[in-house]
Amino acid sequence: MRLHSKVKWGARTLAGALLAGLFLLPLYWIMTASLRPAGLPPARTVEWLPPSPTLANYPAIFEMLPMARYLRNSLIVVAAAVPVTAVIASWAGFALAQFPDRPRRRWLGLSVATLMIPGASVWIFRFQILRWLGLIDSLGALIVPAFAAGSPLFVLLFYWTFRRVPPGLYEAARLDGASAFTTWWQVARPLARPTTIAVIVLSFVLYWSDFISPVLYLYRPALYTLPIGLQILKQLDPTGWPLLMAAATIMTLPVIGLFILLQRTFLGDNSLAELLDRN
Amino acid sequence: MTLFLLPYLLGTLLLVVIPALATLALAFTDYNFIRPPVWDGLDNFRTLWASPLVRLSLRNSFLFLALAVPLRLLGALFLALLLQAKRRPFGLFRAAVYLPTVIPEAAYALLWLWLFNPLYGPVNLILAWLGLPTPAWLAEPGTAVLAIVIMSFFQLGEGFVVLLAGLQNIPHALYEAARVDGASAWQSFWRITLPLLLPWLLLLTFRDLIMSLQNTFTPTFIMTYGGPYYATTFIPLLIYEIAFDIFDFGLAAAVLVVTYILLGLIALGLFNLSGLNADEITF
Amino acid sequence: MLQKIAPLILLLLLAAGCSQVNAGETVSFMVFGDPAELAAYEDLVAAFNAGHAGLEVQLRHIPDQGAYRRRLATDFAAGSPPDVMLLNYRRFATFVDQDGLAPLGPYLAESEALAATDFYAPTIEAFTLDGELWCIPQNISSLVVYYNRDLFDRAGVPYPEPGWTWDDFLARARALTRDLDGDGQIDQYGAAIEPNLFRLAPFIWQNGGEIVDDPQHPQRLALDEPAAREAFQWFVDLQVKEGVVPDAVAEAAESGESRFLNGRLGLYFNSRRGVPTYRTIDSFTWDVAPLPRHRETAGILHSDAYCLAAAAENKEAAWTFIEFANSVTGQTLVAASGRTVPSLPAVAESPAFLDPDRPPAHSRVYLDAIPTLDRVPLMTTWAGIEESVSREIERAFYGQASIDEALESAHRLTQPYFEQAE
């Protein structure tokens, strides 16, 4: 029996390792492709490691384009937008979790309906509204969606978390004389840590990758963000793969870094399960 | 308490709802961006109905959904079942599976453009090394859609995580009892796991359908721009082309409206089929 | 208290109002292009701002054409289009039809610095609709052939000469298409050309065919007529039968232009646009040759122009800038990027453009092509027509459909566009 169990686990671990390897391949290839010297003729056989790997492509793209500026702008946008998103989504989820039945279902239904709205519907008219707010041609235009909590999904995630909190806890806080804000800050928020982390990672990716908004709402090249930088690079050299992959790596590494830092918390053993427990 | 809801409501109203409603109104007008919109009634919808391109895009989009959504869900389910163990290396495996989801869209699209390069990309080089046929991927209509489906498959992380959570919520006692009764692993899966996961699977199907109908934009925009010969012209890209290449925003808005209605119908269909009501999904 | 403050407030408001009137006028100018072009436009704008106190031109640069169009759309929709913008002659008719532009003909007529006769006639004609000149043309480029001299030398093939024919071209392309390392895969192609309508058109004209039934009042495509169909077949055969240009897989693996830049292609068809990039080539020498001719000699006009938005507030200031941009000084500055063939003969015939020390050595080729240039029709729905037909041409070119299937589709899919344009 024990041998059978060991073999079973051995097989599972092997299968898991192979599959994990498969899913890691894309990332592996972005990075190794970026290390290939730029002028070489294209590869004819699989190259698990590039011939004479070099880091020269990285400084090269910073020279070809103001990549440093694009990076800085992208960082500014996420530094502002992510905390705002997390807070506003948390507030909204908190509020919804405590609504009585009828209004709660209505707002939830509306949130789901909003979730289904295709992104393209808002392109043009959001421009009008941003212009009215005076945010066109400023990074503010890219940050302001944070005030709509980034995406209704984040609000829903917080909602589910806060619903799981026994109402008794909120009652106790209220009896102690705590204001709604204190209840949120001291009681609810700590319980939603995994969700907050998840929202931080997901919203980071959202703002970091945003491709259409910078083109529509920014005029000055000084304000461009990384996705546009990638597009400009692709135009300059459509098949210069080492350079393009270097730029892609620069764009990907911060997100991967953040993810690795925080993944234990929301992919970890029990956290998300508790979050979504229906009992 | 409503105060807490206010920022989100205000933000969503201003930045999402109002623009979307304005676009809805535009669907009934003739609008080329320059002159103010002119009321047109159902003209755009008539054009839409008659347009071979719109039909083709709808067909492409649904083909993509039919291929990608089951693949992603089954993949997510299989991986969740395999990797749910709380042992040492499995945490790393789980992180690895989720990783591609985190790669920013533009970078992800460029990466696969390189991976699918028919002569020099790693995918075909490996296939050739294994002695397998090397398809043209993005260079030919048949295989181009497949390429986008494969890309989409690697980003099944979200569904994977949700199903993991769902699996962990199944009380262990149920499996114990089944084993005592002499049930096989397969029977446990079929009788216990699957029924209890069903709400999650449906939720994921719903979400995946919505997302897959929308998130083909960046890949098709960067990699193929709808080619070869319209094979990867899905609805989001079509809307973009009608709006910004042909400058017929009234028609683009009409296509948006139709897409939204179709999504709504799918959602309703799913809910009815599953017998779940809104309360259960939203608890 | 209020009675004392009120007059003060009124005074302040008046003062603020007055200072607004006296403030410098600004003109927004939007362009697209790669960094080399951007640098040239920055020089242009800087030169203008330096020489015109009280006026300031603000440059808005968009990296690529697609984004540029998106941007124009949102700006117009918001009611705040750029004052001055660059538009291509294939796309400006929509803006005219929708009352988005203010005609520049009257300004030109009254100008003391410029006159319509200063420009090459085909460019003025390309921006004239219903007898009115709408925009001032900046360039007069056309489709030409760039070739790699070293590749020709190594293969012992003579360079293209003026007046060379389709057969001459095919012979040279064949000679240069080689499998260099004997692995069964062609490494070096003789030629490459983008399979779209804008590239195919001059070949159709050269065979005596037409793209549309009546260029002045187009009602339908005319690509199925014998002369046009024959040219289309020849074009498609370059890939399908002769194999002198990359096939679908080869093109997807590495674009024709990339092959040319890396010295693996003999003849590349492009307009003047490519020159700034080609000037960065240092591994081989290259030059430019005219299009090969057939029954007739014909080329296709490529032209962009400065246009004025109808909603622009400072029209006089905007005109001052447009006038400057199209003066000899202005066009010389822009020509420095290498990207344009100036629309003013005074600049085009000068060393600013013809300098033989900067490649291509034979820039005269672009000027020699001017007398035989033809253009596509000016239609409000032309963009849609070109896009649809190009997709059909592409699939026939890569052997994914016969030319008759492609022609049938093209005619069917473009019918609505012709009807819409009245």
# chains A, B, ... in the order shown; residues from 1 in each chain; ligands from 1
>>> residues_around(residues="Tyr366 in chain C", least_positions_apart="4", cutoff="8 Å", atoms="only C-alpha atoms", output="list in words")
Ser141, Ser142, Val144, Pro290, Val341 and Ile370 of chain C
>>> closest_atom_pairs(of="chain C", to="chain A", cutoff="8 Å", atoms="only C-alpha atoms", output="Markdown table")
| residue | atom | partner | partner_atom | distance |
| --- | --- | --- | --- | --- |
| C:Asp34 | CA | A:Leu236 | CA | 7.2 |
| C:Arg60 | CA | A:Tyr219 | CA | 6.0 |
| C:His61 | CA | A:Pro221 | CA | 7.1 |
| C:Ile62 | CA | A:Tyr219 | CA | 7.7 |
| C:Pro63 | CA | A:Ile232 | CA | 6.3 |
| C:Asp64 | CA | A:Ile232 | CA | 7.6 |
| C:Ala67 | CA | A:Val215 | CA | 6.6 |
| C:Arg70 | CA | A:Leu216 | CA | 7.0 |
| C:Arg71 | CA | A:Leu216 | CA | 5.8 |
| C:Thr74 | CA | A:Ile124 | CA | 5.9 |
| C:Ala77 | CA | A:Ile124 | CA | 7.5 |
| C:Ala78 | CA | A:Gln128 | CA | 5.6 |
| C:Glu254 | CA | A:Thr239 | CA | 6.5 |
| C:Ser255 | CA | A:Thr239 | CA | 7.3 |
| C:Ser258 | CA | A:Thr239 | CA | 6.9 |
>>> interface_residues(of="chain B", to="chain C", cutoff="12 Å", atoms="only C-alpha atoms", output="ChimeraX atom specification")
/B:30-38,47,50-54,113-122,124,134-142,144,221-231,240-249
>>> write_last_selection(atoms="C-alpha atoms", output="CSV table (one decimal), in the first residue's frame")
chain,number,residue,atom,x,y,z
B,30,ASP,CA,-25.1,57.9,-38.8
B,31,TYR,CA,-21.9,59.2,-37.3
B,32,ASN,CA,-18.5,59.7,-38.9
B,33,PHE,CA,-16.8,61.6,-36.1
B,34,ILE,CA,-16.8,64.9,-38.0
B,35,ARG,CA,-20.3,66.0,-38.4
B,36,PRO,CA,-22.7,65.6,-35.4
B,37,PRO,CA,-24.6,62.4,-35.3
B,38,VAL,CA,-27.7,62.2,-37.5
B,47,THR,CA,-26.5,47.0,-42.8
B,50,ALA,CA,-26.7,42.2,-44.5
B,51,SER,CA,-23.0,42.5,-44.1
B,52,PRO,CA,-21.0,39.4,-45.0
B,53,LEU,CA,-18.1,40.7,-42.9
B,54,VAL,CA,-20.1,40.9,-39.7
B,113,LEU,CA,4.4,36.2,-32.6
B,114,TRP,CA,7.9,35.0,-32.2
B,115,LEU,CA,7.1,31.6,-30.9
B,116,PHE,CA,4.8,30.9,-33.8
B,117,ASN,CA,7.3,32.1,-36.5
B,118,PRO,CA,6.9,29.4,-39.1
B,119,LEU,CA,10.5,29.1,-40.0
B,120,TYR,CA,12.5,30.3,-37.0
B,121,GLY,CA,10.2,30.2,-34.0
B,122,PRO,CA,10.8,27.6,-31.2
B,124,ASN,CA,8.1,24.8,-35.2
B,134,THR,CA,5.3,22.1,-39.0
B,135,PRO,CA,2.1,24.1,-39.6
B,136,ALA,CA,2.2,27.7,-41.0
B,137,TRP,CA,0.4,29.0,-37.8
B,138,LEU,CA,-0.3,32.7,-38.3
B,139,ALA,CA,0.5,32.6,-42.1
B,140,GLU,CA,-2.5,30.5,-43.0
B,141,PRO,CA,-6.2,30.9,-42.3
B,142,GLY,CA,-6.8,27.4,-40.9
B,144,ALA,CA,-4.1,31.0,-37.4
B,221,PHE,CA,-4.4,43.6,-33.4
B,222,ILE,CA,-0.7,43.1,-32.8
B,223,MET,CA,-0.1,39.8,-34.5
B,224,THR,CA,-2.4,39.5,-37.5
B,225,TYR,CA,-4.6,42.5,-37.8
B,226,GLY,CA,-7.5,40.2,-38.7
B,227,GLY,CA,-5.6,38.2,-41.3
B,228,PRO,CA,-4.9,36.0,-43.0
B,229,TYR,CA,-7.9,36.7,-45.1
B,230,TYR,CA,-10.2,37.6,-42.2
B,231,ALA,CA,-9.5,34.3,-40.3
B,240,TYR,CA,-12.2,48.7,-34.1
B,241,GLU,CA,-11.7,48.5,-37.9
B,242,ILE,CA,-15.2,49.8,-38.6
B,243,ALA,CA,-14.7,52.7,-36.2
B,244,PHE,CA,-11.2,53.7,-36.9
B,245,ASP,CA,-10.4,52.5,-40.5
B,246,ILE,CA,-13.8,53.1,-42.1
B,247,PHE,CA,-14.8,55.8,-39.7
B,248,ASP,CA,-18.4,54.5,-39.4
B,249,PHE,CA,-18.9,54.8,-35.7
>>> residues_around(residues="range 298-306 of chain C", least_positions_apart="5", cutoff="9 Å", atoms="only C-alpha atoms", output="ChimeraX atom specification")
/C:84-90,122-123,126-127,135-144,198-199,201-203,205-206,271-272,290-291,293,322,325-326,343,369-376
>>> interface_residues(of="chain B", to="chain A", cutoff="7 Å", atoms="only C-alpha atoms", output="NGL selection string")
:B and (1-2 or 4-5 or 7-8 or 11-12 or 15-16 or 19-20 or 23 or 82-83 or 86 or 93 or 96-97 or 100 or 102-107 or 111 or 120 or 122 or 125-126 or 154 or 165-166 or 168-169 or 210 or 214 or 256 or 260)
>>> select_by_dssp(residues="range 20-254 of chain A", states="alpha helix (DSSP H)", output="number ranges by chain")
A: 20-34, 57-64, 67-98, 101-115, 123-132, 140-143, 152-164, 167-175, 180-182, 189-191, 193-209, 212-217, 226-236, 241-254
>>> atom_distance(atom1="CA of Leu49 in chain A", atom2="CA of Ile61 in chain A")
21.2 Å
>>> closest_residue(among="C:Gly330, C:Pro215, C:Pro356, C:Pro377", to="Glu42 in chain C", atoms="only C-alpha atoms")
C:Gly330
>>> atom_distance(atom1="CA of Leu42 in chain B", atom2="CA of Phe92 in chain C")
28.2 Å
